[in-house]
Amino acid sequence: MPSVKPLSEFNRNQTALIEELHQSGQPIYLTRNGSASIVVMDAEAFDRELSYKASAYANEMRVYNSLMAGYADVLEGRMTEADEAEAAILAAKGWA
């Protein structure tokens with residue numbers, strides 16, 4: 001769980017708070033006048049987060065592109081009836 005600290009505390013205790021960032025891997029929300037102002041985060045944790053988001057985006061795009069290819073097949077009439085497809089799959093797997 002990210003912690004919330006006043007910006008003034010970060011200014012006074014940077015070394016300790018930076019160590020906390022390295023140890024926890026969680027961001028610290030810094031407030032000014034009681035309202036969230038900025039978020040600081042360990043560089044490794046930030047890189048992991050960016051890598052995870054890039055991976056998730058790549059997976060979403062693969063799914064989207066596959067769906068669009070299937071839709072194009074339908075529009076072009078390249079379809080197989082479900083029972084025929086099932087029979088072909090069972091035969092290919094040696095389950096028929």
# chains A, B, ... in the order shown; residues from 1 in each chain; ligands from 1
$ residues_around --residues "A:Phe46" --least-positions-apart "4" --cutoff "10 Å" --atoms "only C-alpha atoms" --output "list in words"
Gly25, Gln26, Pro27, Val40, Met41, Asp42, Leu50, Ser51 and Tyr52 of chain A
$ write_last_selection --atoms "N, CA and C atoms" --output "short mmCIF file (atom, residue, chain, number, x, y, z; two decimals), in the first residue's frame"
data_model
loop_
_atom_site.label_atom_id
_atom_site.label_comp_id
_atom_site.auth_asym_id
_atom_site.auth_seq_id
_atom_site.Cartn_x
_atom_site.Cartn_y
_atom_site.Cartn_z
N GLY A 25 9.36 -0.73 -2.59
CA GLY A 25 8.97 -0.80 -4.00
C GLY A 25 7.65 -0.12 -4.27
N GLN A 26 7.08 0.51 -3.25
CA GLN A 26 5.79 1.19 -3.38
C GLN A 26 6.00 2.70 -3.51
N PRO A 27 5.13 3.38 -4.23
CA PRO A 27 5.26 4.83 -4.35
C PRO A 27 4.89 5.54 -3.05
N VAL A 40 6.30 9.98 -5.81
CA VAL A 40 7.68 9.56 -6.08
C VAL A 40 7.75 8.04 -5.98
N MET A 41 8.65 7.47 -6.79
CA MET A 41 8.70 6.02 -6.89
C MET A 41 10.14 5.59 -7.16
N ASP A 42 10.51 4.43 -6.65
CA ASP A 42 11.81 3.84 -6.92
C ASP A 42 11.94 3.58 -8.42
N LEU A 50 6.28 0.01 -15.99
CA LEU A 50 6.23 0.32 -17.42
C LEU A 50 6.32 -0.95 -18.26
N SER A 51 7.18 -1.87 -17.85
CA SER A 51 7.33 -3.13 -18.58
C SER A 51 6.04 -3.93 -18.54
N TYR A 52 5.40 -3.99 -17.36
CA TYR A 52 4.13 -4.70 -17.23
C TYR A 52 3.07 -4.09 -18.13
#
$ residues_around --residues "A:Leu7" --least-positions-apart "2" --cutoff "12 Å" --atoms "only C-alpha atoms" --output "PyMOL selection string"
chain A and resi 4-5+9-14+17+28-40
$ atom_distance --atom1 "atom CA of A:Trp95" --atom2 "atom CA of A:Asp73"
27.0 Å
$ select_by_dssp --residues "chain A" --states "strand (DSSP E or B)" --output "number ranges by chain"
A: 3-6, 28-32, 35-40
$ write_last_selection --atoms "C-alpha atoms" --output "PDB file, in the first residue's frame"
ATOM      1  CA  SER A   3       2.196   5.752   1.861  1.00  0.00           C
ATOM      2  CA  VAL A   4       1.169   9.394   2.070  1.00  0.00           C
ATOM      3  CA  LYS A   5       3.562  11.952   3.497  1.00  0.00           C
ATOM      4  CA  PRO A   6       3.797  15.737   3.500  1.00  0.00           C
ATOM      5  CA  ILE A  28       4.958   7.623  -1.809  1.00  0.00           C
ATOM      6  CA  TYR A  29       2.260  10.230  -2.342  1.00  0.00           C
ATOM      7  CA  LEU A  30       3.531  13.619  -1.275  1.00  0.00           C
ATOM      8  CA  THR A  31       1.020  16.206  -0.168  1.00  0.00           C
ATOM      9  CA  ARG A  32       1.115  19.972  -0.108  1.00  0.00           C
ATOM     10  CA  SER A  35      -3.774  17.632  -0.887  1.00  0.00           C
ATOM     11  CA  ALA A  36      -1.928  15.150  -3.066  1.00  0.00           C
ATOM     12  CA  SER A  37       0.711  16.998  -5.039  1.00  0.00           C
ATOM     13  CA  ILE A  38       3.204  14.515  -6.508  1.00  0.00           C
ATOM     14  CA  VAL A  39       4.115  10.837  -6.389  1.00  0.00           C
ATOM     15  CA  VAL A  40       7.682   9.556  -6.080  1.00  0.00           C
TER      16      VAL A  40
END
$ atom_distance --atom1 "atom CA of A:Asp47" --atom2 "atom CA of A:Glu19"
17.4 Å
$ select_by_dssp --residues "chain A" --states "alpha helix (DSSP H)" --output "ChimeraX atom specification"
/A:7-12,14-24,43-76,82-93
$ atom_distance --atom1 "atom CA of A:Ser8" --atom2 "atom CA of A:Glu20"
16.2 Å
